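Written below as structure tokens is the structure these notes are about.
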Amino acid sequence: AETGVTAGQVVSALEGTFGVHAGERRNHIKGSCAAGEFIGAPVARDYTRSALFSGKPLPVIARFSLAGGNPKVPDTAKSARGMALEFRLPDGKLQHMTMLNTPMFGAATPQTFFDDIVSKKPDPVTGKPDPEKIKAFRASHPDSLPQADYLDKNNPPVSWANSSYFGIHTFKFVNQANKTTLVRWRFVPQDGEKRLSDDELKSSPPNFLEQRLIDRVKQGSIRWDMILTIGAPGDPENNPTLSWPSNRKEVKIGTLTIASVTSQKGAECERINFDPLVMADGIEPTNDPILLFRSPAYAISFGKRLSGK
Ligand code: HEM
């Protein structure tokens with residue numbers, strides 16, 4: 001039933017549902033900028049020749065965000081949180097990782113993502129999304145259910161610092177001998193996972209994530225461990241809605257340190273397009289149709305906001 005929705009149509013759907021906010025991201029519009037460094041563990045070189053894992057510290061520009069194109073989305077919203085990283089490698093090379101705090105994504109195809117966004121368009125009468133349309137979307141798109149179920153059952157984190165972030169897609173690690181390994185990765189917070197209680201969900205103010213992260217970093221740097229999961233034959237490679245079995249081999253391959261946090265206005269992360277296909281030698285994409293679709297969609301959003309639209 002793939003009808004081949006285009007990246008332009010998906011960005012238009014985001015604008016239709018969330019409005020056009022000139023000069024701003026069409027998705028993950030609300031967020032904060034951060035910076036720090038990454039030290040990769042040389043043990044990763046069994047799997048990849050990427051300069052990320054030289055063992056030397058590399059500068060990182062980061063952005064923490066909430067999913068969706070509503071600039072006023074409350075920080076209690078039961079939606080995904082994002083962490084986007086730009087690693088600055090020697091010789092001006094770049095590596096991006098643009099992740100969510102859910103282990104899986106809510107669409108196996110761009111069409112499902114499009115239908116999801118359209119189903120959330122506010123009803124002109126109530127000014128709110130129509131719960132019946134959201135129900136109908138879920139019933140007709142089983143690939144949306146694992147992430148929706150995860151977001152239903154897991155409250156959002158108390159802080160961006162108290163969440164794991166998942167690469168979600170499968171990627172290829174290519175080593176010095178040109179051997180390819182299918183992998184997934186995630187970043188696990190050294191501060192520990194901590195979610196809002198049901199009471200806090202109701203009582204928290206709409207804006208606390210940014211100030212809480214600024215306050216946290218004043219106490220000292222914030223760290224995440226980068227954990228690599230090694231795929232086994234038969235593990236889904238091109239479907240980001242499907243988890244891998246939990247008994248796969250895992251290796252700690254680096255530490256991310258965030259040392260400064262600011263609001264996004266005028267800060268360095270604001271003008272970065274965290275296109276997940278920006279990759280340095282040693283890491284390559286799979287044929288995951290969602291991963292490949294993200295790049296043109298981000299380019300359209302980026303082009304619009306850079307030109308003040
Ligand atoms: C069909 C699938 C998807 C579409 C169409 C889409 C679209 C977009 C767009 C248009 C932006 C704003 C880009 C900009 O103006 O710079 C964005 C941001 C973002 N997306 Fe996606 N996305 C998709 C899937 C995903 C997936 C699978 C993930 C995580 C694995 C993800 C994580 C993020 C994050 C974290 C940001 C914020 C990046 C930043 O801070 O600049 N997205 N997305």
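Just so we're on the same page: first chain in the structure tokens is A, next is B, and so on; residues restart at 1 for each chain, and ligands are numbered from 1 in the order they show up.
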Report task. Find the spatial neighbours of A:Gly282, counting only C-alpha atoms, within a cut-off of 6 Å - ignore same-chain residues fewer than 2 positions away - and output them as number ranges by chain. Result -> A: 48-50, 173-174
Can I get the selection written as a PDB file, in the first residue's frame, with C-alpha atoms?
```
ATOM      1  CA  THR A  48      34.552   0.363  12.792  1.00  0.00           C
ATOM      2  CA  ARG A  49      37.475   2.374  11.516  1.00  0.00           C
ATOM      3  CA  SER A  50      35.621   5.651  12.288  1.00  0.00           C
ATOM      4  CA  PHE A 173      29.983  -0.357  11.115  1.00  0.00           C
ATOM      5  CA  VAL A 174      32.867  -0.972   8.672  1.00  0.00           C
TER       6      VAL A 174
END
```
Requested in this report: Might you pull out every residue within 8 Å of A:Trp160, with only C-alpha atoms counted and same-chain residues fewer than 2 positions away left off, and present them as a PyMOL selection string?
Outcome: chain A and resi 64+81+157-158+162-163+209+213
Query raised in the report: Could you pull the residues within 8 Å of A:Ser221, counting only C-alpha atoms, minus those fewer than 2 positions along the same chain, as a PyMOL selection string?
Result: chain A and resi 217-219+223+257-260
**Report entry** Given 6 Å and only C-alpha atoms and all ligand atoms, residues near ligand 1 as a list of chain:residue names
**Finding:**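 My answer, listing the contacting residues, is A:Val10, A:Val11, A:Arg25, A:Arg26, A:Asn27, A:His28, A:Arg63, A:Phe64, A:Ser65, A:Gly82, A:Met83, A:Ala84, A:Thr98, A:Met99, A:Leu100, A:Phe105, A:Pro110, A:Phe113, A:Gly167, A:Ile168, A:Asn273, A:Phe274, A:Ile290, A:Phe293, A:Arg294, A:Ala297, A:Tyr298, A:Ser301, A:Phe302.
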Query raised in the report: Can you tell me, as JSON, numbers by chain, what residues are no more than 9 Å from A:Ala148 when counting only C-alpha atoms, ignoring any on the same chain fewer than 3 positions away?
Result: {"A": [79, 105, 106, 138, 144, 145, 151, 152, 153]}
Report task. Once DSSP has gone over the backbone, tell me which residues of stretch 22-103 of chain A are in helix (DSSP H, G or I), as a PyMOL selection string. Result -> chain A and resi 42-46+51-53+90-92
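Taking atom CA of A:Lys135 and atom CA of A:Ile117 as the two end points, the separation is 13.0 Å.
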Query raised in the report: Quick one: residues within 8 Å of A:Thr102, only C-alpha atoms counted, chain neighbours fewer than 5 positions away excluded, as JSON, numbers by chain?
Result: {"A": [80, 147, 150, 151, 165, 166, 168]}
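Of the residues under consideration (A:Ile134, A:Pro142, A:Pro156, A:Ala280), A:Pro156 shows the shortest atom-to-atom contact distance to A:Ala67 when counting only C-alpha atoms.
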Report task. Report the distance between atom CA of A:Tyr47 and atom CA of A:Gly234 in Å, rounded to one decimal place. Result -> 18.8 Å
